[in-house]
>>> print(open('start-v1.txt').read())   # compact mmCIF, C-alpha atoms
# COMPACT_ATOMS: atom_id res chain seq x y z
CA MET A 1331 0.00 0.00 0.00
CA LYS A 1332 2.71 2.42 0.98
CA LYS A 1333 4.61 1.66 -2.21
CA ARG A 1334 1.57 2.39 -4.37
CA PHE A 1335 0.95 5.62 -2.54
CA TYR A 1336 4.54 6.67 -3.14
CA ILE A 1337 4.28 6.02 -6.87
CA LEU A 1338 1.05 7.95 -7.17
CA TYR A 1339 2.56 10.81 -5.23
CA ILE A 1340 5.52 11.02 -7.62
CA MET A 1341 3.17 11.00 -10.66
CA TYR A 1342 1.06 13.78 -9.27
CA ALA A 1343 4.20 15.79 -8.55
CA VAL A 1344 5.44 15.41 -12.14
CA VAL A 1345 2.07 16.47 -13.54
CA GLY A 1346 2.11 19.49 -11.28
CA ILE A 1347 5.56 20.54 -12.45
CA LEU A 1348 4.53 20.19 -16.14
CA SER A 1349 1.42 22.27 -15.52
CA LEU A 1350 3.47 25.05 -13.91
CA THR A 1351 5.96 24.99 -16.79
CA THR A 1352 3.18 25.25 -19.38
CA ALA A 1353 1.59 28.11 -17.52
CA ALA A 1354 4.93 29.92 -17.34
CA CYS A 1355 5.46 29.57 -21.11
CA SER A 1356 1.95 30.83 -21.82
CA SER A 1357 2.58 33.83 -19.62
CA ASP A 1358 5.80 34.68 -21.50
CA LYS A 1359 4.01 34.51 -24.89
CA GLU A 1360 1.20 36.76 -23.72
CA GLU A 1361 3.74 39.46 -22.90
CA GLY A 1362 5.03 39.34 -26.46
CA GLU A 1363 3.04 39.10 -29.71
CA LYS A 1364 0.12 36.70 -29.65
CA PRO A 1365 -0.20 34.25 -32.52
CA SER A 1366 -3.39 35.29 -34.30
CA LEU A 1367 -5.02 35.41 -37.72
CA LYS A 1368 -3.78 38.93 -38.33
CA ASN A 1369 -0.23 37.60 -38.84
CA LYS A 1370 -1.26 34.79 -41.16
CA THR A 1371 -1.24 34.94 -44.93
CA MET A 1372 -3.96 33.65 -47.22
CA GLU A 1373 -3.88 32.89 -50.90
CA VAL A 1374 -5.56 35.59 -52.98
CA ALA A 1375 -6.87 34.45 -56.35
CA PHE A 1376 -8.45 36.41 -59.22
CA SER A 1377 -8.39 36.46 -63.03
CA ILE A 1378 -6.60 38.94 -65.32
CA SER A 1379 -7.03 39.81 -69.00
CA VAL A 1380 -5.18 42.28 -71.23
CA PRO A 1381 -6.25 43.75 -74.61
CA GLY A 1382 -6.16 41.03 -77.25
CA SER A 1383 -5.51 38.18 -74.83
CA GLU A 1384 -8.89 36.62 -75.60
CA ASN A 1385 -7.68 36.15 -79.19
CA ALA A 1386 -3.96 35.78 -78.76
CA SER A 1387 -3.69 33.01 -81.33
CA ASN A 1388 -6.13 34.34 -83.93
CA ALA A 1389 -6.79 38.07 -83.51
CA LYS A 1390 -10.33 38.85 -84.65
CA THR A 1391 -11.43 41.68 -82.37
CA THR A 1392 -11.91 45.23 -83.55
CA ARG A 1393 -8.97 47.47 -82.82
CA THR A 1394 -9.73 49.82 -79.92
CA PRO A 1395 -10.48 52.60 -80.50
CA ASP A 1396 -9.94 52.61 -84.29
CA PRO A 1397 -12.31 50.90 -86.69
CA GLY A 1398 -11.23 48.02 -88.85
CA THR A 1399 -9.61 44.67 -88.31
CA ASP A 1400 -7.19 44.07 -85.49
CA THR A 1401 -3.53 44.80 -86.28
CA GLY A 1402 -2.11 43.82 -82.91
CA GLU A 1403 -1.00 47.39 -82.11
CA HIS A 1404 -2.23 46.97 -78.55
CA ASP A 1405 0.18 44.07 -77.97
CA ASP A 1406 3.48 45.97 -78.07
CA TRP A 1407 4.38 45.73 -74.37
CA ASP A 1408 6.81 43.61 -72.40
CA LYS A 1409 5.86 44.06 -68.71
CA LEU A 1410 2.72 43.55 -66.64
CA THR A 1411 2.78 44.87 -63.08
CA ILE A 1412 0.08 43.84 -60.60
CA ILE A 1413 -0.41 46.05 -57.54
CA ILE A 1414 -2.23 45.16 -54.31
CA ALA A 1415 -2.86 48.09 -51.94
CA TYR A 1416 -4.53 47.51 -48.57
CA THR A 1417 -7.23 49.79 -47.22
CA GLU A 1418 -7.35 47.87 -43.93
CA SER A 1419 -4.45 45.84 -42.53
CA ASP A 1420 -2.66 45.13 -39.25
CA MET A 1421 0.68 44.88 -41.05
CA LYS A 1422 3.29 47.59 -41.62
CA LYS A 1423 3.62 46.66 -45.29
CA THR A 1424 0.38 47.60 -47.07
CA VAL A 1425 1.43 47.72 -50.76
CA TYR A 1426 2.50 44.56 -52.61
CA TYR A 1427 3.32 44.12 -56.29
CA ASP A 1428 4.69 41.66 -58.80
CA THR A 1429 5.82 42.03 -62.41
CA PHE A 1430 5.53 39.45 -65.19
CA THR A 1431 6.96 39.55 -68.70
CA LYS A 1432 4.68 39.20 -71.71
CA GLU A 1433 6.25 35.81 -72.40
CA GLU A 1434 5.31 34.69 -68.88
CA PHE A 1435 1.76 35.99 -69.28
CA TYR A 1436 1.21 34.02 -72.49
CA SER A 1437 3.07 30.94 -71.29
CA ASN A 1438 1.37 27.56 -71.52
CA ASN A 1439 2.87 26.60 -68.16
CA VAL A 1440 2.36 27.80 -64.62
CA VAL A 1441 4.72 30.70 -63.86
CA GLN A 1442 5.84 30.89 -60.24
CA HIS A 1443 7.76 33.73 -58.57
CA GLN A 1444 9.42 32.57 -55.37
CA HIS A 1445 10.41 36.09 -54.26
CA THR A 1446 6.76 37.21 -54.11
CA ASN A 1447 5.18 33.80 -53.47
CA SER A 1448 2.88 34.23 -56.47
CA ARG A 1449 1.71 32.16 -59.41
CA LEU A 1450 0.26 32.95 -62.82
CA LEU A 1451 -1.70 30.20 -64.54
CA PRO A 1452 -2.14 29.74 -68.30
CA ASP A 1453 -5.43 30.52 -70.05
CA SER A 1454 -6.77 26.98 -69.80
CA ASP A 1455 -10.36 28.01 -70.70
CA ASN A 1456 -9.23 29.98 -73.75
CA ASP A 1457 -11.33 32.99 -72.65
CA GLY A 1458 -8.45 35.47 -72.32
CA TYR A 1459 -8.29 35.29 -68.52
CA HIS A 1460 -5.32 34.04 -66.54
CA GLU A 1461 -5.66 33.19 -62.86
CA PHE A 1462 -3.24 34.98 -60.55
CA MET A 1463 -2.52 33.77 -57.01
CA MET A 1464 -0.44 35.33 -54.28
CA SER A 1465 -0.06 34.75 -50.54
CA LEU A 1466 -1.07 37.96 -48.76
CA PRO A 1467 -1.98 39.07 -45.24
CA ILE A 1468 -5.58 39.01 -44.04
CA GLY A 1469 -7.27 42.37 -44.51
CA LYS A 1470 -9.08 44.49 -47.10
CA CYS A 1471 -7.35 45.59 -50.31
CA ARG A 1472 -7.75 46.91 -53.84
CA ILE A 1473 -5.98 45.51 -56.89
CA TYR A 1474 -4.62 47.35 -59.95
CA GLY A 1475 -2.69 46.43 -63.08
CA VAL A 1476 -0.73 48.05 -65.94
CA THR A 1477 1.05 46.86 -69.09
CA TYR A 1478 3.98 48.87 -70.48
CA THR A 1479 7.36 48.62 -72.16
CA ASP A 1480 10.42 48.79 -69.95
CA GLY A 1481 12.93 51.57 -70.63
CA LYS A 1482 10.52 53.90 -72.43
CA GLY A 1483 10.14 56.58 -69.79
CA PHE A 1484 7.76 54.90 -67.38
CA ASP A 1485 8.86 52.98 -64.27
CA PRO A 1486 5.91 52.01 -62.05
CA VAL A 1487 8.02 49.66 -59.91
CA GLY A 1488 10.40 52.51 -59.11
CA GLU A 1489 7.45 54.63 -57.96
CA LEU A 1490 6.03 51.78 -55.86
CA LYS A 1491 9.36 51.33 -54.09
CA LYS A 1492 9.05 54.90 -52.79
CA ILE A 1493 5.93 54.03 -50.78
CA SER A 1494 6.72 53.61 -47.08
CA ASP A 1495 5.91 50.49 -45.06
CA ASP A 1496 4.09 52.45 -42.38
CA GLY A 1497 0.83 50.55 -42.03
CA LYS A 1498 -1.18 53.30 -43.77
CA ASP A 1499 -3.68 53.14 -46.63
CA HIS A 1500 -1.68 54.12 -49.74
CA ASN A 1501 -4.41 53.72 -52.36
CA ASP A 1502 -4.29 57.48 -53.00
CA ASP A 1503 -0.61 57.07 -53.95
CA ILE A 1504 -1.64 54.43 -56.49
CA LEU A 1505 -4.30 56.74 -57.96
CA ASN A 1506 -1.65 59.47 -58.24
CA LEU A 1507 0.60 57.32 -60.45
CA GLN A 1508 1.25 59.17 -63.71
CA ILE A 1509 2.60 58.43 -67.18
CA SER A 1510 4.10 61.08 -69.46
CA ASN A 1511 2.56 61.96 -72.82
CA ASP A 1512 6.14 61.78 -74.12
CA TYR A 1513 6.22 58.06 -73.23
CA ALA A 1514 7.92 55.92 -75.92
CA GLY A 1515 8.74 58.98 -78.04
CA ASN A 1516 7.19 58.62 -81.50
CA ASP A 1517 6.52 54.90 -81.15
CA VAL A 1518 2.71 54.94 -81.42
CA SER A 1519 2.34 51.16 -81.10
CA LYS A 1520 4.03 51.19 -77.69
CA PHE A 1521 2.10 54.30 -76.62
CA ILE A 1522 -1.29 52.77 -77.32
CA SER A 1523 -0.25 49.40 -75.85
CA VAL A 1524 -0.28 50.83 -72.33
CA ALA A 1525 -3.31 49.25 -70.66
CA THR A 1526 -4.59 49.69 -67.12
CA GLY A 1527 -7.43 48.47 -64.95
CA TYR A 1528 -8.51 47.47 -61.47
CA ALA A 1529 -10.16 44.37 -60.08
CA ILE A 1530 -13.88 44.23 -59.28
CA ASN A 1531 -16.27 41.67 -57.92
CA THR A 1532 -18.43 40.92 -60.95
CA LYS A 1533 -21.27 39.92 -58.64
CA ASP A 1534 -21.78 43.40 -57.16
CA ASN A 1535 -19.08 45.61 -58.82
CA SER A 1536 -17.38 46.21 -55.46
CA GLU A 1537 -13.68 47.14 -55.49
CA ASP A 1538 -12.66 46.21 -51.94
CA LEU A 1539 -11.42 42.63 -51.74
CA GLN A 1540 -11.59 40.99 -48.32
CA VAL A 1541 -8.69 38.58 -47.85
CA SER A 1542 -10.00 35.97 -45.42
CA LEU A 1543 -10.15 32.25 -44.67
CA ASN A 1544 -13.55 31.67 -46.23
CA ASN A 1545 -13.30 33.88 -49.31
CA ILE A 1546 -11.07 31.93 -51.66
CA GLU A 1547 -13.84 30.36 -53.75
CA GLU A 1548 -15.67 33.67 -54.20
CA MET A 1549 -12.44 35.32 -55.32
CA ARG A 1550 -11.85 32.68 -57.96
CA GLN A 1551 -15.42 32.75 -59.20
CA TYR A 1552 -16.24 36.46 -59.23
CA TRP A 1553 -13.12 38.63 -59.05
CA ARG A 1554 -11.82 39.87 -62.43
CA MET A 1555 -9.31 42.49 -63.56
CA GLN A 1556 -9.70 43.50 -67.18
CA LEU A 1557 -7.00 45.84 -68.48
CA ASN A 1558 -8.04 48.25 -71.25
CA ARG A 1559 -6.11 50.62 -73.46
CA LEU A 1560 -5.31 53.84 -71.61
CA ALA A 1561 -4.72 56.24 -74.50
CA ALA A 1562 -7.48 58.25 -76.15
CA LYS A 1563 -7.33 59.32 -79.80
CA VAL A 1564 -8.34 62.84 -80.79
CA ASP A 1565 -8.87 62.94 -84.58
CA ILE A 1566 -9.36 66.46 -85.95
CA GLN A 1567 -10.49 67.32 -89.48
CA TRP A 1568 -11.00 70.90 -90.58
CA ASP A 1569 -12.47 72.62 -93.61
CA ALA A 1570 -12.06 76.36 -94.17
CA GLN A 1571 -12.94 76.20 -97.86
CA SER A 1572 -16.62 76.78 -97.12
CA ALA A 1573 -15.81 80.28 -95.87
CA TYR A 1574 -15.37 81.33 -99.49
CA GLU A 1575 -18.97 80.56 -100.36
CA LYS A 1576 -21.12 83.52 -101.37
CA ASN A 1577 -23.40 85.14 -98.85
CA THR A 1578 -26.95 84.10 -99.73
CA GLU A 1579 -28.30 87.59 -99.01
CA THR A 1580 -25.75 89.79 -100.81
CA GLY A 1581 -24.32 87.35 -103.31
CA ASN A 1582 -20.82 88.47 -102.36
CA VAL A 1583 -17.96 86.41 -100.97
CA GLN A 1584 -17.55 87.26 -97.30
CA TYR A 1585 -13.89 86.23 -97.13
CA THR A 1586 -11.24 86.50 -99.78
CA ASP A 1587 -8.83 84.32 -97.80
CA VAL A 1588 -9.18 82.01 -94.79
CA LYS A 1589 -6.37 79.96 -93.30
CA ILE A 1590 -5.92 77.76 -90.26
CA ASN A 1591 -2.19 78.20 -89.73
CA SER A 1592 -2.05 76.12 -86.58
CA PHE A 1593 -4.02 74.69 -83.73
CA SER A 1594 -3.22 73.58 -80.20
CA PHE A 1595 -4.36 70.65 -78.11
CA CYS A 1596 -4.40 72.06 -74.58
CA GLY A 1597 -4.73 70.10 -71.36
CA GLY A 1598 -5.67 71.75 -68.11
CA ALA A 1599 -2.29 71.68 -66.34
CA THR A 1600 -1.69 74.98 -64.55
CA ASP A 1601 2.09 74.69 -65.02
CA GLN A 1602 2.76 75.99 -68.51
CA ASN A 1603 6.21 74.40 -68.54
CA VAL A 1604 5.07 70.78 -68.43
CA GLY A 1605 5.21 70.41 -72.21
CA ALA A 1606 2.93 67.59 -73.31
CA GLY A 1607 2.19 66.84 -69.66
CA SER A 1608 1.01 63.49 -68.33
CA GLY A 1609 -2.03 61.35 -67.67
CA TYR A 1610 -3.10 59.26 -64.70
CA LEU A 1611 -2.92 55.47 -64.86
CA PHE A 1612 -6.51 55.32 -63.61
CA PRO A 1613 -8.15 58.54 -64.91
CA THR A 1614 -11.76 57.67 -64.06
CA LEU A 1615 -10.75 57.03 -60.45
CA ALA A 1616 -8.65 60.22 -60.51
CA LYS A 1617 -11.77 62.08 -61.62
CA GLU A 1618 -13.71 60.68 -58.65
CA LYS A 1619 -10.90 61.89 -56.34
CA ASN A 1620 -10.90 65.31 -58.06
CA LEU A 1621 -7.16 65.11 -58.74
CA PRO A 1622 -5.68 68.15 -60.55
CA ALA A 1623 -5.26 68.36 -64.32
CA ILE A 1624 -1.76 67.34 -65.47
CA SER A 1625 -2.18 67.08 -69.26
CA GLY A 1626 -0.12 69.67 -71.19
CA LYS A 1627 -0.08 71.29 -74.61
CA LYS A 1628 0.83 70.17 -78.11
CA ASP A 1629 0.92 72.48 -81.12
CA PHE A 1630 0.23 71.43 -84.71
CA ILE A 1631 1.58 73.70 -87.45
CA ASN A 1632 0.04 73.58 -90.94
CA THR A 1633 2.89 74.31 -93.34
CA SER A 1634 1.27 73.89 -96.76
CA GLU A 1635 -1.42 76.07 -98.31
CA ILE A 1636 -3.66 73.04 -98.82
CA SER A 1637 -3.43 71.96 -95.17
CA ARG A 1638 -4.32 75.48 -94.08
CA ARG A 1639 -7.67 75.19 -95.81
CA ASN A 1640 -8.38 71.47 -95.48
CA GLY A 1641 -6.64 68.91 -93.38
CA ARG A 1642 -6.74 66.13 -90.85
CA VAL A 1643 -4.48 65.10 -88.00
CA TYR A 1644 -4.81 62.81 -85.00
CA HIS A 1645 -3.26 62.96 -81.56
CA TYR A 1646 -2.93 60.25 -78.91
CA THR A 1647 -2.96 61.31 -75.28
CA PHE A 1648 -3.19 59.76 -71.83
CA PRO A 1649 -6.33 61.10 -70.07
CA ASP A 1650 -6.05 62.87 -66.73
CA GLY A 1651 -9.71 62.95 -65.68
CA HIS A 1652 -10.33 66.39 -67.24
CA THR A 1653 -11.40 67.77 -70.61
CA PRO A 1654 -8.86 69.31 -72.99
CA LYS A 1655 -9.45 72.33 -75.17
CA ILE A 1656 -8.59 72.81 -78.82
CA THR A 1657 -7.64 76.25 -80.09
CA PHE A 1658 -7.59 77.07 -83.82
CA LYS A 1659 -5.50 80.02 -84.97
CA LEU A 1660 -7.39 81.62 -87.83
CA VAL A 1661 -6.06 84.12 -90.38
CA THR A 1662 -8.84 85.81 -92.38
CA SER A 1663 -8.94 88.41 -95.09
CA THR A 1664 -11.87 90.36 -96.51
CA GLY A 1665 -12.10 93.13 -99.07
CA VAL A 1666 -11.42 95.60 -96.25
CA ILE A 1667 -9.19 93.83 -93.71
CA LYS A 1668 -6.26 91.62 -94.67
CA ASP A 1669 -4.63 88.84 -92.62
CA LYS A 1670 -6.57 89.37 -89.43
CA GLU A 1671 -5.50 86.88 -86.76
CA SER A 1672 -7.99 85.44 -84.27
CA ASN A 1673 -8.26 82.40 -82.04
CA TYR A 1674 -11.22 80.11 -81.63
CA THR A 1675 -11.32 77.66 -78.69
CA PHE A 1676 -13.73 74.86 -77.89
CA ASP A 1677 -13.66 71.99 -75.40
CA LEU A 1678 -15.03 68.45 -75.32
CA LYS A 1679 -17.23 68.72 -72.23
CA ASN A 1680 -20.42 68.29 -74.21
CA VAL A 1681 -19.46 64.76 -75.28
CA THR A 1682 -17.15 63.41 -72.59
CA GLU A 1683 -19.11 63.98 -69.39
CA GLY A 1684 -16.36 66.08 -67.91
CA LEU A 1685 -13.33 64.00 -68.86
CA LEU A 1686 -11.48 62.53 -71.81
CA LEU A 1687 -12.24 58.82 -71.64
CA PRO A 1688 -9.58 56.11 -72.11
CA ALA A 1689 -9.75 53.78 -75.12
CA THR A 1690 -12.02 56.20 -76.98
CA TRP A 1691 -11.69 57.69 -80.47
CA TYR A 1692 -12.93 61.27 -80.76
CA LYS A 1693 -13.63 62.30 -84.35
CA ILE A 1694 -13.87 66.09 -84.55
CA ASN A 1695 -15.04 67.83 -87.74
CA VAL A 1696 -14.60 71.60 -87.86
CA LYS A 1697 -16.17 73.57 -90.68
CA VAL A 1698 -15.40 77.28 -90.90
CA THR A 1699 -18.27 79.16 -92.53
CA GLY A 1700 -17.96 82.85 -91.82
CA LYS A 1701 -18.81 83.55 -88.20
CA GLU A 1702 -20.79 80.35 -87.71
CA LYS A 1703 -17.82 78.31 -86.53
CA GLN A 1704 -19.30 76.97 -83.31
CA GLU A 1705 -22.42 75.56 -84.91
CA SER A 1706 -20.29 73.80 -87.49
CA ILE A 1707 -18.30 71.64 -85.09
CA ILE A 1708 -19.34 68.00 -85.07
CA ILE A 1709 -17.80 65.62 -82.54
CA ASP A 1710 -18.32 61.87 -82.65
CA SER A 1711 -16.85 59.40 -80.18
CA PHE A 1712 -16.32 55.67 -80.64
CA LYS A 1713 -15.35 53.11 -77.99
>>> encode(input="start-v1.txt", output="structure tokens")
Amino acid sequence: MKKRFYILYIMYAVVGILSLTTAACSSDKEEGEKPSLKNKTMEVAFSISVPGSENASNAKTTRTPDPGTDTGEHDDWDKLTIIIAYTESDMKKTVYYDTFTKEEFYSNNVVQHQHTNSRLLPDSDNDGYHEFMMSLPIGKCRIYGVTYTDGKGFDPVGELKKISDDGKDHNDDILNLQISNDYAGNDVSKFISVATGYAINTKDNSEDLQVSLNNIEEMRQYWRMQLNRLAAKVDIQWDAQSAYEKNTETGNVQYTDVKINSFSFCGGATDQNVGAGSGYLFPTLAKEKNLPAISGKKDFINTSEISRRNGRVYHYTFPDGHTPKITFKLVTSTGVIKDKESNYTFDLKNVTEGLLLPATWYKINVKVTGKEKQESIIIDSFK
């Protein structure tokens, strides 16, 4: 009996010591950082498409925004950067990004980046969408994307590196990202191949993605990011020949000479030294935030006599959430006054709802008929 009691006593003593040790360890951990869901990462998954990706093998879509068959002009890019910016997070780092080459995007194999713990899957459904997955902290975020050509005057990764890891919401910094209208120089194919977009939940059009344990299937099923061409095309055609027509009341020619020597495409940037200026990567969101105009000015000089009376020119620009103005410099002569210079300015507010829209072709026809210039301006827009 005594022996049994002794054994039981020793066992109880050991259990007691283990319990005290466990309690002591728990106490030490409580003084430090508790293990919780806020420090865990979850796999985010959504689908991405770029212009032309739905017909990468046999391009059949209409070129945006020009009419006609597809020429692949929108496919002259070599980098795709995906940006994830948290609106709510317990972590210091709130902006994450990864960059893929065009070859990786169109690869038939899974592309994995170890340094960002992300994966890009091939377009297995042949619908133009590629699934992107990345391990990210739990929280609420927004997702953006941009295609571009490296070394052509635009470095989004360099701008993203400037954002501090301070635990703050930096979505406003993403909306402030800009691209110069001098991007790629005179290489139009690269200029119009810049495409941007942001992810939405196709079920309710919401933009805030909740990264959580039970949201993975909804992300895969409903979250999409479709990138669209950023540049807008302003196509201007003018006709001053009609100003020579006889006045129906007097039978006399009102003008003996009418010329449009030049015209200017003017953005709303207050700094007159910005040159061609810039556009925002996400101009419709910039408009919602009421960000300032940053688009500059470009002059077009008509050197030949024919172009001064009739002509056509087009201009590509990156929108900045505002409406540009176009100023024609007129030189008119009558039987009394010779070579009188005057300017005529009009804007695009009546057709663009307060901003120049991305991926839109604006066809502007200007007909100068005496003093009735304003009524003779016809503006058509095509998506």
>>> residues_around(input="start-v1.txt", residues="Glu1418 of chain A", least_positions_apart="3", cutoff="9 Å", atoms="only C-alpha atoms", output="list in words")
Thr1424, Gly1469, Lys1470, Cys1471, Gly1497, Lys1498 and Asp1499 of chain A
>>> residues_around(input="start-v1.txt", residues="Gly1605 of chain A", least_positions_apart="5", cutoff="9 Å", atoms="all atoms listed in the file", output="list in words")
Asn1511, Asp1512, Ser1625, Gly1626, Lys1627 and Lys1628 of chain A
>>> write_last_selection(input="start-v1.txt", atoms="C-alpha atoms", output="PDB file, keeping the file's coordinate frame")
ATOM      1  CA  ASN A1511       2.560  61.960 -72.820  1.00  0.00           C
ATOM      2  CA  ASP A1512       6.140  61.780 -74.120  1.00  0.00           C
ATOM      3  CA  SER A1625      -2.180  67.080 -69.260  1.00  0.00           C
ATOM      4  CA  GLY A1626      -0.120  69.670 -71.190  1.00  0.00           C
ATOM      5  CA  LYS A1627      -0.080  71.290 -74.610  1.00  0.00           C
ATOM      6  CA  LYS A1628       0.830  70.170 -78.110  1.00  0.00           C
TER       7      LYS A1628
END
>>> atom_distance(input="start-v1.txt", atom1="atom CA of Gly1651 of chain A", atom2="atom CA of Arg1554 of chain A")
23.4 Å
>>> atom_distance(input="start-v1.txt", atom1="atom CA of Glu1635 of chain A", atom2="atom CA of Ala1570 of chain A")
11.4 Å
>>> residues_near_point(input="start-v1.txt", point="(-10.9, 85.1, -97.4)", cutoff="6 Å", atoms="only C-alpha atoms", output="JSON, numbers by chain")
{"A": [1585, 1586, 1587, 1588, 1662, 1663, 1664]}
>>> residues_near_point(input="start-v1.txt", point="(-8.3, 76.6, -85.0)", cutoff="6 Å", atoms="all atoms listed in the file", output="PyMOL selection string")
chain A and resi 1590+1593+1657-1660+1674
>>> atom_distance(input="start-v1.txt", atom1="atom CA of Tyr1610 of chain A", atom2="atom CA of Tyr1459 of chain A")
24.8 Å
>>> closest_residue(input="start-v1.txt", among="A:Ala1525, A:Met1421, A:Val1604, A:Val1440", to="Ser1379 of chain A", atoms="all atoms listed in the file")
A:Ala1525
>>> residues_around(input="start-v1.txt", residues="Ile1546 of chain A", least_positions_apart="4", cutoff="10 Å", atoms="only C-alpha atoms", output="VMD selection string")
chain A and resid 1372 to 1376 1540 to 1542 1550 to 1551
>>> write_last_selection(input="start-v1.txt", atoms="C-alpha atoms", output="PDB file, keeping the file's coordinate frame")
ATOM      1  CA  MET A1372      -3.960  33.650 -47.220  1.00  0.00           C
ATOM      2  CA  GLU A1373      -3.880  32.890 -50.900  1.00  0.00           C
ATOM      3  CA  VAL A1374      -5.560  35.590 -52.980  1.00  0.00           C
ATOM      4  CA  ALA A1375      -6.870  34.450 -56.350  1.00  0.00           C
ATOM      5  CA  PHE A1376      -8.450  36.410 -59.220  1.00  0.00           C
ATOM      6  CA  GLN A1540     -11.590  40.990 -48.320  1.00  0.00           C
ATOM      7  CA  VAL A1541      -8.690  38.580 -47.850  1.00  0.00           C
ATOM      8  CA  SER A1542     -10.000  35.970 -45.420  1.00  0.00           C
ATOM      9  CA  ARG A1550     -11.850  32.680 -57.960  1.00  0.00           C
ATOM     10  CA  GLN A1551     -15.420  32.750 -59.200  1.00  0.00           C
TER      11      GLN A1551
END
>>> residues_around(input="start-v1.txt", residues="segment 1646-1650 of chain A", least_positions_apart="6", cutoff="6 Å", atoms="only C-alpha atoms", output="PDB file with C-alpha atoms, in the frame of the given file")
ATOM      1  CA  ALA A1561      -4.720  56.240 -74.500  1.00  0.00           C
ATOM      2  CA  ALA A1562      -7.480  58.250 -76.150  1.00  0.00           C
ATOM      3  CA  LYS A1563      -7.330  59.320 -79.800  1.00  0.00           C
ATOM      4  CA  GLY A1609      -2.030  61.350 -67.670  1.00  0.00           C
ATOM      5  CA  TYR A1610      -3.100  59.260 -64.700  1.00  0.00           C
ATOM      6  CA  PRO A1613      -8.150  58.540 -64.910  1.00  0.00           C
ATOM      7  CA  LEU A1686     -11.480  62.530 -71.810  1.00  0.00           C
TER       8      LEU A1686
END
>>> closest_residue(input="start-v1.txt", among="A:Thr1526, A:Thr1479, A:Ser1572, A:Ser1419", to="Thr1371 of chain A", atoms="all atoms listed in the file")
A:Ser1419
>>> closest_residue(input="start-v1.txt", among="A:Leu1687, A:Val1698, A:Leu1615, A:Ile1414", to="Arg1638 of chain A", atoms="only C-alpha atoms")
A:Val1698
>>> closest_residue(input="start-v1.txt", among="A:Ser1608, A:Thr1429, A:Ser1454, A:Ser1465", to="Lys1370 of chain A", atoms="all atoms listed in the file")
A:Ser1465
>>> build_atoms(input="start-v1.txt", residues="segment 1554-1564 of chain A", atoms="N, CA, C and O atoms", output="compact mmCIF listing (two decimals), keeping the file's coordinate frame")
# COMPACT_ATOMS: atom_id res chain seq x y z
N ARG A 1554 -12.45 39.73 -61.12
CA ARG A 1554 -11.82 39.87 -62.43
C ARG A 1554 -11.10 41.22 -62.51
O ARG A 1554 -11.57 42.22 -61.97
N MET A 1555 -9.99 41.24 -63.23
CA MET A 1555 -9.31 42.49 -63.56
C MET A 1555 -9.07 42.52 -65.06
O MET A 1555 -8.23 41.79 -65.57
N GLN A 1556 -9.82 43.36 -65.73
CA GLN A 1556 -9.70 43.50 -67.18
C GLN A 1556 -8.95 44.79 -67.50
O GLN A 1556 -9.43 45.88 -67.19
N LEU A 1557 -7.77 44.66 -68.10
CA LEU A 1557 -7.00 45.84 -68.48
C LEU A 1557 -7.46 46.33 -69.85
O LEU A 1557 -7.65 45.53 -70.77
N ASN A 1558 -7.62 47.64 -69.99
CA ASN A 1558 -8.04 48.25 -71.25
C ASN A 1558 -7.06 49.34 -71.65
O ASN A 1558 -6.37 49.92 -70.80
N ARG A 1559 -7.03 49.61 -72.94
CA ARG A 1559 -6.11 50.62 -73.46
C ARG A 1559 -6.32 51.94 -72.73
O ARG A 1559 -7.45 52.38 -72.51
N LEU A 1560 -5.23 52.58 -72.36
CA LEU A 1560 -5.31 53.84 -71.61
C LEU A 1560 -5.44 55.06 -72.52
O LEU A 1560 -6.16 56.00 -72.20
N ALA A 1561 -4.76 55.05 -73.64
CA ALA A 1561 -4.72 56.24 -74.50
C ALA A 1561 -6.07 56.53 -75.16
O ALA A 1561 -6.83 55.61 -75.47
N ALA A 1562 -6.33 57.81 -75.36
CA ALA A 1562 -7.48 58.25 -76.15
C ALA A 1562 -6.95 58.86 -77.45
O ALA A 1562 -5.83 59.39 -77.49
N LYS A 1563 -7.72 58.76 -78.50
CA LYS A 1563 -7.33 59.32 -79.80
C LYS A 1563 -8.23 60.50 -80.13
O LYS A 1563 -9.46 60.37 -80.15
N VAL A 1564 -7.61 61.64 -80.38
CA VAL A 1564 -8.34 62.84 -80.79
C VAL A 1564 -8.02 63.08 -82.27
O VAL A 1564 -6.89 63.41 -82.63
